[in-house]
$ cat run_10.cif   # mmCIF, C-alpha atoms and all ligand atoms
data_run
#
loop_
_atom_site.label_atom_id
_atom_site.label_comp_id
_atom_site.auth_asym_id
_atom_site.auth_seq_id
_atom_site.Cartn_x
_atom_site.Cartn_y
_atom_site.Cartn_z
CA MET A 7 -34.25 180.39 267.23
CA GLN A 8 -32.70 179.80 270.62
CA SER A 9 -33.14 176.85 272.93
CA PHE A 10 -31.74 176.64 276.43
CA SER A 11 -32.17 175.30 279.92
CA TYR A 12 -31.84 177.48 283.00
CA ASP A 13 -31.30 176.32 286.58
CA GLN A 14 -31.92 179.07 289.06
CA LEU A 15 -29.73 178.36 292.06
CA PRO A 16 -31.50 178.22 295.41
CA SER A 17 -30.06 180.95 297.59
CA ARG A 18 -31.58 183.84 299.48
CA VAL A 19 -30.12 187.31 299.01
CA VAL A 20 -30.58 190.16 301.47
CA PHE A 21 -29.20 193.39 300.01
CA GLY A 22 -28.98 196.91 301.39
CA LEU A 23 -27.31 199.42 303.63
CA GLY A 24 -27.45 198.02 307.18
CA ALA A 25 -28.38 194.52 305.94
CA LEU A 26 -25.89 193.06 308.42
CA ASP A 27 -28.45 193.90 311.15
CA ASP A 28 -30.58 191.10 309.69
CA LEU A 29 -27.94 188.47 310.41
CA PRO A 30 -29.45 187.07 313.66
CA ARG A 31 -32.87 186.86 312.00
CA GLU A 32 -31.39 185.13 308.95
CA ILE A 33 -29.58 182.59 311.14
CA GLU A 34 -32.81 181.91 312.95
CA ARG A 35 -34.62 181.54 309.63
CA LEU A 36 -32.19 178.77 308.69
CA GLY A 37 -32.81 177.06 312.02
CA ALA A 38 -29.09 177.19 312.82
CA LYS A 39 -28.02 177.26 316.47
CA HIS A 40 -24.27 176.80 316.43
CA ALA A 41 -22.55 179.22 314.06
CA LEU A 42 -18.81 179.21 313.41
CA VAL A 43 -17.64 182.62 312.15
CA LEU A 44 -14.92 182.58 309.49
CA SER A 45 -12.62 185.38 308.36
CA THR A 46 -9.11 186.11 307.17
CA PRO A 47 -6.59 187.10 309.89
CA GLY A 48 -6.96 190.75 308.81
CA HIS A 49 -10.72 190.63 309.39
CA LYS A 50 -10.62 189.15 312.88
CA VAL A 51 -12.12 192.24 314.49
CA GLN A 52 -15.06 192.17 312.07
CA ALA A 53 -15.48 188.45 312.79
CA GLU A 54 -15.63 189.24 316.51
CA GLU A 55 -18.29 191.88 315.89
CA VAL A 56 -20.31 189.33 313.94
CA ALA A 57 -19.88 186.83 316.79
CA ASP A 58 -21.17 189.47 319.24
CA ARG A 59 -24.25 190.02 317.10
CA LEU A 60 -24.95 186.30 317.19
CA GLY A 61 -24.61 185.98 320.97
CA ASP A 62 -24.99 182.41 322.16
CA ARG A 63 -25.77 181.20 318.64
CA CYS A 64 -22.06 181.61 317.93
CA VAL A 65 -19.83 178.72 318.99
CA GLY A 66 -16.49 180.07 317.79
CA ILE A 67 -14.35 182.06 315.37
CA PHE A 68 -11.87 180.64 312.88
CA PRO A 69 -10.00 183.71 311.55
CA ARG A 70 -7.46 181.92 309.36
CA ALA A 71 -8.83 181.93 305.82
CA VAL A 72 -6.18 182.42 303.11
CA MET A 73 -6.29 182.76 299.34
CA HIS A 74 -6.96 179.65 297.21
CA VAL A 75 -7.95 177.52 300.24
CA PRO A 76 -4.84 175.46 301.05
CA ILE A 77 -5.96 171.94 301.97
CA GLU A 78 -4.14 172.10 305.34
CA ILE A 79 -6.23 175.11 306.48
CA ALA A 80 -9.40 173.50 305.14
CA ARG A 81 -8.70 170.36 307.20
CA GLU A 82 -8.06 172.38 310.35
CA ALA A 83 -11.28 174.33 309.87
CA ARG A 84 -13.25 171.10 309.30
CA VAL A 85 -11.87 169.63 312.53
CA GLU A 86 -12.73 172.83 314.41
CA ALA A 87 -16.27 172.92 312.99
CA GLN A 88 -16.81 169.32 314.03
CA ARG A 89 -15.30 169.82 317.49
CA LEU A 90 -17.64 172.77 318.11
CA GLY A 91 -20.68 171.01 316.66
CA ALA A 92 -21.20 173.86 314.16
CA ASP A 93 -24.33 173.65 312.02
CA CYS A 94 -23.61 176.87 310.15
CA ALA A 95 -20.58 178.83 308.93
CA VAL A 96 -20.87 182.59 308.77
CA ALA A 97 -18.20 183.71 306.29
CA ILE A 98 -17.43 187.43 306.46
CA GLY A 99 -14.88 188.56 303.90
CA GLY A 100 -13.92 188.01 300.29
CA GLY A 101 -13.70 184.91 298.14
CA SER A 102 -11.02 183.35 300.34
CA THR A 103 -13.28 183.32 303.39
CA THR A 104 -16.30 182.10 301.46
CA GLY A 105 -14.01 179.45 299.95
CA LEU A 106 -13.07 178.20 303.41
CA GLY A 107 -16.76 177.89 304.31
CA LYS A 108 -17.27 175.88 301.12
CA ALA A 109 -14.41 173.56 302.00
CA ILE A 110 -16.11 172.76 305.32
CA ALA A 111 -19.57 172.41 303.76
CA LEU A 112 -18.20 169.98 301.18
CA GLU A 113 -17.65 167.41 303.92
CA SER A 114 -20.51 168.15 306.30
CA ALA A 115 -24.16 169.12 306.40
CA LEU A 116 -23.34 172.66 307.61
CA SER A 117 -24.98 175.62 305.83
CA ILE A 118 -23.14 178.77 304.83
CA VAL A 119 -24.24 182.34 305.40
CA ALA A 120 -21.95 184.53 303.31
CA ILE A 121 -21.33 188.20 304.01
CA PRO A 122 -19.18 189.36 301.09
CA THR A 123 -16.83 192.31 301.52
CA THR A 124 -15.25 192.17 298.03
CA TYR A 125 -16.70 191.82 294.54
CA ALA A 126 -15.32 188.31 293.82
CA GLY A 127 -18.75 186.66 293.63
CA SER A 128 -17.94 183.26 295.15
CA GLU A 129 -20.97 183.58 297.46
CA MET A 130 -23.32 183.04 294.49
CA THR A 131 -21.72 179.89 293.12
CA PRO A 132 -21.67 176.16 293.90
CA ILE A 133 -18.01 176.15 292.83
CA TYR A 134 -15.33 175.28 295.34
CA GLY A 135 -11.54 175.34 295.08
CA LEU A 136 -8.86 173.61 297.11
CA THR A 137 -5.10 173.91 296.67
CA GLU A 138 -2.90 170.92 297.36
CA ALA A 139 0.81 170.63 296.60
CA GLY A 140 0.74 173.78 294.46
CA LEU A 141 -2.17 172.64 292.31
CA LYS A 142 -5.59 174.25 292.62
CA LYS A 143 -8.49 171.93 291.95
CA THR A 144 -12.03 173.19 291.52
CA GLY A 145 -15.34 171.40 291.45
CA ARG A 146 -19.07 172.01 291.65
CA ASP A 147 -21.27 170.73 294.44
CA PRO A 148 -24.69 172.04 295.45
CA ARG A 149 -23.75 171.59 299.15
CA VAL A 150 -21.26 174.47 298.98
CA LEU A 151 -23.68 177.09 297.66
CA PRO A 152 -24.34 179.55 300.52
CA LYS A 153 -27.96 179.31 301.71
CA THR A 154 -28.11 183.02 302.52
CA VAL A 155 -26.03 185.95 301.28
CA ILE A 156 -26.07 189.28 303.07
CA TYR A 157 -24.82 192.18 300.95
CA ASP A 158 -24.22 195.32 302.98
CA PRO A 159 -22.39 198.10 301.08
CA ALA A 160 -21.25 199.60 304.42
CA LEU A 161 -18.93 196.60 304.82
CA THR A 162 -17.10 197.45 301.60
CA VAL A 163 -16.11 201.07 302.26
CA GLY A 164 -12.87 199.89 303.87
CA LEU A 165 -11.90 197.84 300.84
CA PRO A 166 -8.77 199.63 299.60
CA VAL A 167 -9.31 201.47 296.33
CA GLY A 168 -6.76 199.33 294.46
CA LEU A 169 -8.42 196.09 295.55
CA SER A 170 -11.86 197.55 294.89
CA VAL A 171 -10.90 198.16 291.27
CA THR A 172 -9.25 194.78 290.67
CA SER A 173 -12.02 192.94 292.51
CA GLY A 174 -14.49 194.87 290.34
CA PHE A 175 -12.69 193.62 287.23
CA ASN A 176 -12.79 190.12 288.68
CA ALA A 177 -16.58 190.49 288.70
CA ILE A 178 -16.63 192.05 285.22
CA ALA A 179 -14.63 189.03 284.00
CA HIS A 180 -17.44 186.74 285.22
CA GLY A 181 -19.90 188.86 283.26
CA VAL A 182 -17.80 188.88 280.08
CA GLU A 183 -17.30 185.12 280.03
CA ALA A 184 -20.93 184.42 280.91
CA LEU A 185 -21.90 186.21 277.68
CA TYR A 186 -20.09 183.64 275.55
CA ALA A 187 -20.05 180.63 277.92
CA GLN A 188 -21.48 177.34 276.74
CA ASP A 189 -24.35 177.32 279.28
CA ARG A 190 -25.43 180.93 278.77
CA ASN A 191 -29.09 181.75 278.30
CA PRO A 192 -31.09 184.97 277.83
CA ILE A 193 -31.47 185.50 281.58
CA THR A 194 -27.81 185.06 282.43
CA SER A 195 -26.88 187.39 279.56
CA LEU A 196 -29.24 190.08 280.87
CA MET A 197 -27.80 189.70 284.34
CA ALA A 198 -24.23 189.79 283.06
CA GLU A 199 -24.83 192.94 281.08
CA GLU A 200 -26.62 194.69 283.94
CA GLY A 201 -23.94 193.60 286.43
CA MET A 202 -21.12 194.95 284.26
CA ARG A 203 -23.03 198.18 283.67
CA ALA A 204 -23.45 198.71 287.43
CA LEU A 205 -19.74 198.05 288.06
CA ALA A 206 -18.64 200.35 285.23
CA GLN A 207 -20.75 203.11 286.74
CA GLY A 208 -19.73 202.44 290.33
CA LEU A 209 -15.98 201.84 290.11
CA PRO A 210 -14.87 205.32 288.90
CA ARG A 211 -16.94 206.86 291.71
CA VAL A 212 -15.37 204.50 294.27
CA VAL A 213 -11.91 205.53 293.04
CA LYS A 214 -12.87 209.18 293.47
CA SER A 215 -14.60 208.77 296.85
CA PRO A 216 -14.16 205.35 298.49
CA PHE A 217 -16.78 206.22 301.14
CA ASP A 218 -19.51 206.97 298.57
CA LEU A 219 -22.12 204.45 299.70
CA GLU A 220 -24.21 204.82 296.53
CA ALA A 221 -21.18 203.95 294.43
CA ARG A 222 -20.32 201.06 296.77
CA SER A 223 -23.90 199.84 296.50
CA ASP A 224 -23.75 199.92 292.68
CA CYS A 225 -20.54 197.88 292.72
CA LEU A 226 -21.89 195.32 295.16
CA TYR A 227 -25.10 195.00 293.13
CA GLY A 228 -22.97 194.43 290.01
CA ALA A 229 -20.86 191.91 291.89
CA TRP A 230 -23.98 190.01 292.93
CA LEU A 231 -25.22 189.75 289.33
CA CYS A 232 -21.81 188.84 287.93
CA GLY A 233 -21.30 186.24 290.68
CA SER A 234 -24.71 184.78 289.88
CA VAL A 235 -23.88 184.26 286.23
CA LEU A 236 -20.55 182.73 287.15
CA GLY A 237 -22.55 180.16 289.12
CA THR A 238 -24.99 179.36 286.30
CA ALA A 239 -23.58 180.15 282.85
CA GLY A 240 -20.03 178.92 283.33
CA THR A 241 -16.69 180.18 282.10
CA ALA A 242 -14.07 179.74 279.38
CA LEU A 243 -10.41 180.50 278.62
CA HIS A 244 -10.07 183.60 280.79
CA HIS A 245 -11.05 181.83 284.00
CA LYS A 246 -8.97 178.80 283.06
CA LEU A 247 -5.88 181.00 282.69
CA CYS A 248 -6.46 182.84 285.98
CA HIS A 249 -7.00 179.55 287.73
CA VAL A 250 -3.69 178.21 286.39
CA LEU A 251 -1.80 181.42 287.21
CA GLY A 252 -3.31 181.74 290.69
CA GLY A 253 -3.11 178.11 291.72
CA THR A 254 0.36 177.39 290.34
CA TRP A 255 2.20 180.62 291.13
CA ASN A 256 -0.03 181.95 293.89
CA LEU A 257 -0.52 185.24 292.02
CA PRO A 258 -3.08 187.57 293.64
CA HIS A 259 -6.52 186.58 292.37
CA ALA A 260 -8.20 189.90 291.57
CA GLU A 261 -5.11 191.48 290.01
CA THR A 262 -4.55 188.43 287.82
CA HIS A 263 -8.13 188.58 286.54
CA THR A 264 -7.77 192.29 285.83
CA ILE A 265 -4.55 191.92 283.86
CA VAL A 266 -5.57 188.87 281.82
CA LEU A 267 -9.09 190.07 280.94
CA PRO A 268 -8.37 192.44 277.99
CA HIS A 269 -6.13 189.80 276.42
CA ALA A 270 -8.66 186.99 276.84
CA ILE A 271 -11.25 189.28 275.27
CA ALA A 272 -8.91 190.03 272.37
CA TYR A 273 -8.30 186.30 271.93
CA ASN A 274 -12.04 185.58 271.69
CA TYR A 275 -13.15 188.83 270.03
CA ALA A 276 -13.78 187.65 266.49
CA ALA A 277 -15.28 184.34 267.62
CA ALA A 278 -17.85 185.93 269.96
CA LEU A 279 -18.89 189.15 268.27
CA GLU A 280 -22.40 189.31 269.70
CA ALA A 281 -21.08 188.92 273.25
CA MET A 282 -18.46 191.60 272.59
CA LYS A 283 -21.12 194.07 271.43
CA ARG A 284 -22.92 193.50 274.73
CA VAL A 285 -19.69 194.08 276.69
CA GLU A 286 -19.16 197.31 274.77
CA ARG A 287 -22.72 198.45 275.47
CA ALA A 288 -22.52 197.58 279.18
CA LEU A 289 -19.17 199.29 279.74
CA ASN A 290 -19.86 202.14 277.30
CA ILE A 291 -16.68 201.50 275.31
CA SER A 292 -16.12 201.19 271.57
CA HIS A 293 -13.91 198.08 271.52
CA ALA A 294 -14.24 195.42 274.21
CA ALA A 295 -10.54 194.49 274.48
CA GLN A 296 -9.05 197.94 274.10
CA GLY A 297 -11.80 199.62 276.09
CA VAL A 298 -11.37 197.24 279.06
CA TYR A 299 -7.59 197.78 278.91
CA ASP A 300 -8.04 201.56 278.88
CA LEU A 301 -10.55 201.42 281.74
CA ILE A 302 -8.09 199.40 283.84
CA ARG A 303 -5.38 201.96 283.12
CA THR A 304 -7.66 204.92 283.89
CA LEU A 305 -8.68 203.39 287.21
CA GLY A 306 -5.04 202.86 288.15
CA ALA A 307 -4.96 199.05 288.32
CA PRO A 308 -1.98 196.92 287.25
CA LEU A 309 -1.68 196.00 283.58
CA ALA A 310 1.22 193.53 283.44
CA LEU A 311 1.75 190.11 285.01
CA LYS A 312 5.43 190.94 285.37
CA ASP A 313 4.44 193.62 287.88
CA ILE A 314 2.58 191.24 290.20
CA GLY A 315 5.24 188.58 290.64
CA MET A 316 5.08 186.46 287.48
CA ARG A 317 8.33 185.36 285.84
CA GLU A 318 8.76 185.13 282.07
CA ALA A 319 10.18 181.60 282.31
CA GLU A 320 6.79 180.43 283.60
CA LEU A 321 4.80 181.42 280.50
CA GLU A 322 5.49 178.22 278.59
CA ARG A 323 4.40 175.96 281.42
CA ASP A 324 1.24 178.00 281.95
CA ALA A 325 0.33 177.81 278.28
CA GLU A 326 0.80 174.06 278.53
CA LEU A 327 -1.29 173.74 281.72
CA ALA A 328 -4.06 175.90 280.25
CA THR A 329 -4.38 173.80 277.11
CA GLN A 330 -3.67 170.23 278.17
CA THR A 331 -7.31 169.27 278.82
CA PRO A 332 -10.15 170.24 276.47
CA TYR A 333 -12.84 172.76 277.55
CA PHE A 334 -15.25 175.10 275.84
CA ASN A 335 -13.99 178.43 274.47
CA PRO A 336 -15.41 180.40 271.53
CA ARG A 337 -12.01 180.23 269.83
CA PRO A 338 -10.35 176.87 270.47
CA PRO A 339 -7.30 177.39 272.69
CA ASP A 340 -4.04 176.07 271.26
CA ARG A 341 -0.76 176.21 273.08
CA ALA A 342 1.07 178.60 270.74
CA SER A 343 -1.65 181.25 270.66
CA VAL A 344 -2.34 180.97 274.40
CA ARG A 345 1.41 181.46 274.94
CA GLU A 346 1.12 184.60 272.82
CA LEU A 347 -1.85 185.81 274.88
CA LEU A 348 0.10 185.25 278.10
CA GLU A 349 3.10 187.07 276.73
CA ALA A 350 0.94 190.10 275.96
CA ALA A 351 -0.48 189.97 279.50
CA PHE A 352 3.00 189.51 280.94
CA HIS A 353 4.25 192.71 279.30
CA GLY A 354 0.95 194.56 279.70
CA SER A 355 0.73 195.66 276.08
CA ARG A 356 -2.47 197.22 274.76
CA PRO A 357 -4.44 194.72 272.63
CA LYS A 358 -4.83 195.52 268.94
CA ALA A 359 -8.33 196.08 267.62
CA SER A 360 -7.85 193.08 265.34
CA GLY A 361 -6.67 190.71 268.05
CA LEU A 362 -3.78 190.17 270.37
CA ALA A 363 -1.12 192.67 271.30
CA LYS A 364 2.34 191.61 270.25
P1 LIG B 401 -9.68 187.69 299.38
O1 LIG B 401 -10.90 187.11 299.96
O2 LIG B 401 -8.43 186.88 299.44
O3 LIG B 401 -9.42 189.11 300.04
C1 LIG B 401 -8.24 189.82 299.71
C2 LIG B 401 -7.75 190.62 300.92
O4 LIG B 401 -8.64 191.69 301.15
C3 LIG B 401 -7.73 189.80 302.20
O5 LIG B 401 -6.56 190.10 302.91
C4 LIG B 401 -8.97 190.27 302.94
O6 LIG B 401 -8.85 190.16 304.33
C5 LIG B 401 -9.05 191.72 302.48
N1 LIG B 401 -10.41 192.27 302.49
C6 LIG B 401 -11.54 191.67 302.06
N2 LIG B 401 -12.58 192.50 302.17
C7 LIG B 401 -12.11 193.65 302.70
C8 LIG B 401 -12.71 194.91 303.05
N3 LIG B 401 -14.01 195.15 302.85
N4 LIG B 401 -11.92 195.86 303.58
C9 LIG B 401 -10.59 195.67 303.74
N5 LIG B 401 -9.96 194.50 303.42
C10 LIG B 401 -10.72 193.51 302.90
O7 LIG B 401 -9.87 188.10 297.85
P2 LIG B 401 -11.05 187.87 296.81
O8 LIG B 401 -10.53 188.43 295.56
O9 LIG B 401 -12.34 188.32 297.33
O10 LIG B 401 -11.16 186.29 296.70
C11 LIG B 401 -10.19 185.54 296.04
C12 LIG B 401 -10.41 184.06 296.26
O11 LIG B 401 -11.77 183.70 296.01
C13 LIG B 401 -9.56 183.19 295.35
O12 LIG B 401 -9.09 182.07 296.06
C14 LIG B 401 -10.54 182.76 294.28
O13 LIG B 401 -10.18 181.58 293.64
C15 LIG B 401 -11.82 182.65 295.06
N6 LIG B 401 -13.04 182.81 294.23
C16 LIG B 401 -13.85 181.75 294.12
C17 LIG B 401 -15.00 181.86 293.38
C18 LIG B 401 -15.94 180.67 293.30
O14 LIG B 401 -16.98 180.76 292.70
N7 LIG B 401 -15.59 179.57 293.91
C19 LIG B 401 -15.34 183.05 292.75
C20 LIG B 401 -14.47 184.14 292.89
C21 LIG B 401 -13.32 184.01 293.65
#

$ encode --input "run_10.cif" --output "structure tokens"
Amino acid sequence: MQSFSYDQLPSRVVFGLGALDDLPREIERLGAKHALVLSTPGHKVQAEEVADRLGDRCVGIFPRAVMHVPIEIAREARVEAQRLGADCAVAIGGGSTTGLGKAIALESALSIVAIPTTYAGSEMTPIYGLTEAGLKKTGRDPRVLPKTVIYDPALTVGLPVGLSVTSGFNAIAHGVEALYAQDRNPITSLMAEEGMRALAQGLPRVVKSPFDLEARSDCLYGAWLCGSVLGTAGTALHHKLCHVLGGTWNLPHAETHTIVLPHAIAYNYAAALEAMKRVERALNISHAAQGVYDLIRTLGAPLALKDIGMREAELERDAELATQTPYFNPRPPDRASVRELLEAAFHGSRPKASGLAK
């Protein structure tokens, strides 16, 4: 018999083709009058379009979000938000832009409206991250959960195919870990499975035709569900490893998740069989670790950490960083076997059905 508690996080989601048109109404609904628009440098034009839609409710644009939220940028954005008297941050972009909004909200009463353009899922979580002196620290705070999230598939058609696939696997990784996370419950498991199913159906169609709005919509819907379970059910070894690799060596976030995922699944396979059966059902594969690996290969995404800038000499330190403080994982993480997992991910070898690739 199961027992659980479930906190549904208080955010409003507006989903659909053309949903961006609702932005002024959503800002009004929040009672916000002074919006600061955030983006990465590459998304400045989109940020300007958003600012135009907001008219005199927009007080400025801060187009300088970067991956893993360096503390220096966060401080500059906080000063700018305060100088402009912003009561709302409109974050258009991926997890890096949402992350910058969270860094501001952590130290002010400002609300966030997130307009995601990748599948990272940060918009659905109260988790924030800040990187200082090469170390990424994360925490949870209800103040950083976006009040409103606008999902418009039209905004994702320009997401390059390669990043669409790896960002999709980033979302699938949230779903996988939510199925065996310590705080999982029947609702989060349903959402995780449905989210992964939608992504597995959408991603191959996006690879074939990046402008297929139905396929984009499926992926964004999957990303929403997988982001939601990341926010409520929690994570385990896979996310810990990606956090260490990303924060310490500044490896690209979505690619790192994609490469590590089959190996983290292999590591946990025997200790979380019920979750693995659900992964297999959702993705329509016969073995969770091997099937995810094969799917990544078929969709043309990277398979080896050595191909995205990791150096072999760093494996030992990462294994140490990933195991030095205790946290929940179905199979307890020890340094030697985590080192072995990382080595398999470094070389990009196909996991064995019985466990890790050698
Ligand atoms: P990102 O936000 O860094 O975006 C990657 C690149 O893609 C950027 O250059 C961006 O400008 C570009 N881009 C984004 N959307 C685009 C589009 N539609 N078309 C063309 N280009 C586009 O990458 P990400 O993977 O979305 O986010 C990664 C960051 O988010 C990491 O720092 C990670 O730690 C964080 N994250 C946090 C959480 C959380 O819950 N706190 C969850 C997931 C990710």

$ closest_atom_pairs --input "run_10.cif" --of "chain A" --to "ligand LIG 401 (chain B)" --cutoff "8 Å" --atoms "only C-alpha atoms and all ligand atoms" --output "CSV"
residue,atom,partner,partner_atom,distance
A:Ser45,CA,B:LIG401,O6,7.3
A:Thr46,CA,B:LIG401,O6,5.0
A:Pro47,CA,B:LIG401,O6,6.7
A:Gly48,CA,B:LIG401,O6,4.9
A:His49,CA,B:LIG401,O6,5.4
A:Val72,CA,B:LIG401,O2,6.2
A:Met73,CA,B:LIG401,O12,4.4
A:His74,CA,B:LIG401,O12,3.4
A:Val75,CA,B:LIG401,O12,6.3
A:Gly99,CA,B:LIG401,N2,4.9
A:Gly100,CA,B:LIG401,O1,3.2
A:Gly101,CA,B:LIG401,O11,3.1
A:Ser102,CA,B:LIG401,O1,3.8
A:Thr103,CA,B:LIG401,O1,5.6
A:Thr104,CA,B:LIG401,O11,7.3
A:Gly105,CA,B:LIG401,O11,6.2
A:Pro122,CA,B:LIG401,N2,7.4
A:Thr123,CA,B:LIG401,N3,4.2
A:Thr124,CA,B:LIG401,O9,4.9
A:Tyr125,CA,B:LIG401,O9,6.2
A:Ala126,CA,B:LIG401,C20,4.4
A:Gly127,CA,B:LIG401,C20,5.0
A:Ser128,CA,B:LIG401,C19,3.5
A:Glu129,CA,B:LIG401,O14,6.8
A:Met130,CA,B:LIG401,O14,7.0
A:Thr131,CA,B:LIG401,O14,4.8
A:Pro132,CA,B:LIG401,O14,6.7
A:Ile133,CA,B:LIG401,N7,4.3
A:Tyr134,CA,B:LIG401,N7,4.5
A:Gly135,CA,B:LIG401,N7,6.0
A:Thr144,CA,B:LIG401,N7,7.7
A:Leu161,CA,B:LIG401,N3,5.5
A:Thr162,CA,B:LIG401,N3,4.0
A:Val163,CA,B:LIG401,N3,6.3
A:Gly164,CA,B:LIG401,N4,4.2
A:Leu165,CA,B:LIG401,N4,3.4
A:Pro166,CA,B:LIG401,C9,6.0
A:Leu169,CA,B:LIG401,O4,7.1
A:Ser173,CA,B:LIG401,O8,5.6
A:Asn176,CA,B:LIG401,O8,7.4
A:Ala177,CA,B:LIG401,C20,7.9
A:Gly233,CA,B:LIG401,C19,7.1
A:Leu236,CA,B:LIG401,O14,6.9
A:Gly237,CA,B:LIG401,O14,6.6
A:His249,CA,B:LIG401,O13,7.0
A:Gly252,CA,B:LIG401,O13,7.5
A:Pro258,CA,B:LIG401,O8,7.7
A:His259,CA,B:LIG401,C11,5.3
A:Ala260,CA,B:LIG401,O8,4.8

$ closest_residue --input "run_10.cif" --among "A:Arg222, A:His353, A:Lys246, A:Arg84" --to "Ala325 (chain A)" --atoms "all atoms listed in the file"
A:Lys246

$ atom_distance --input "run_10.cif" --atom1 "CA of Pro16 (chain A)" --atom2 "CA of Leu151 (chain A)"
8.2 Å

$ atom_distance --input "run_10.cif" --atom1 "CA of Ile67 (chain A)" --atom2 "CA of Glu138 (chain A)"
24.1 Å

$ closest_residue --input "run_10.cif" --among "A:Gly61, A:Gly201, A:Pro308, A:Gly181" --to "Gly354 (chain A)" --atoms "all atoms listed in the file"
A:Pro308

$ atom_distance --input "run_10.cif" --atom1 "CA of Ala41 (chain A)" --atom2 "CA of Asp158 (chain A)"
19.6 Å

$ closest_residue --input "run_10.cif" --among "A:Arg356, A:Arg337, A:Lys39, A:Arg31" --to "Gln296 (chain A)" --atoms "all atoms listed in the file"
A:Arg356

$ residues_near_point --input "run_10.cif" --point "(-14.5, 191.1, 283.0)" --cutoff "8 Å" --atoms "only C-alpha atoms" --output "list in words"
Phe175, Asn176, Ala177, Ile178, Ala179, His180, Gly181, Val182, Glu183, Met202, His263, Thr264, Leu267 and Val298 of chain A

$ closest_residue --input "run_10.cif" --among "A:Ser117, A:Leu185, A:Asn256, A:Ala239" --to "Gly37 (chain A)" --atoms "all atoms listed in the file"
A:Ser117

$ residues_around --input "run_10.cif" --residues "Gly107 (chain A)" --least-positions-apart "5" --cutoff "7 Å" --atoms "only C-alpha atoms" --output "list in words"
Ala95, Ala97 and Ile118 of chain A

$ closest_residue --input "run_10.cif" --among "A:Thr254, A:Thr262, A:Thr241, A:Gln188" --to "Ala139 (chain A)" --atoms "all atoms listed in the file"
A:Thr254

$ residues_around --input "run_10.cif" --residues "Leu311 (chain A)" --least-positions-apart "2" --cutoff "8 Å" --atoms "only C-alpha atoms" --output "mmCIF file with C-alpha atoms, in the frame of the given file"
data_model
loop_
_atom_site.group_PDB
_atom_site.id
_atom_site.type_symbol
_atom_site.label_atom_id
_atom_site.label_comp_id
_atom_site.auth_asym_id
_atom_site.auth_seq_id
_atom_site.Cartn_x
_atom_site.Cartn_y
_atom_site.Cartn_z
ATOM 1 C CA THR A 262 -4.550 188.430 287.820
ATOM 2 C CA ILE A 265 -4.550 191.920 283.860
ATOM 3 C CA LEU A 309 -1.680 196.000 283.580
ATOM 4 C CA ASP A 313 4.440 193.620 287.880
ATOM 5 C CA ILE A 314 2.580 191.240 290.200
ATOM 6 C CA GLY A 315 5.240 188.580 290.640
ATOM 7 C CA MET A 316 5.080 186.460 287.480
ATOM 8 C CA ALA A 351 -0.480 189.970 279.500
ATOM 9 C CA PHE A 352 3.000 189.510 280.940
ATOM 10 C CA HIS A 353 4.250 192.710 279.300
ATOM 11 C CA GLY A 354 0.950 194.560 279.700
#

$ closest_residue --input "run_10.cif" --among "A:Glu349, A:Asp300, A:Asp13, A:Glu34" --to "Pro268 (chain A)" --atoms "only C-alpha atoms"
A:Asp300

$ residues_around --input "run_10.cif" --residues "Gln207 (chain A)" --least-positions-apart "3" --cutoff "9 Å" --atoms "only C-alpha atoms" --output "JSON, numbers by chain"
{"A": [202, 203, 204, 210, 211, 221, 224, 225, 289]}

$ residues_around --input "run_10.cif" --residues "region 269-282 of chain A" --least-positions-apart "5" --cutoff "7 Å" --atoms "all atoms listed in the file" --output "list in words"
Leu185, Tyr186, Leu243, His244, Ala294, Ala295, Pro336, Arg337, Leu347, Ala351, Pro357, Gly361 and Leu362 of chain A
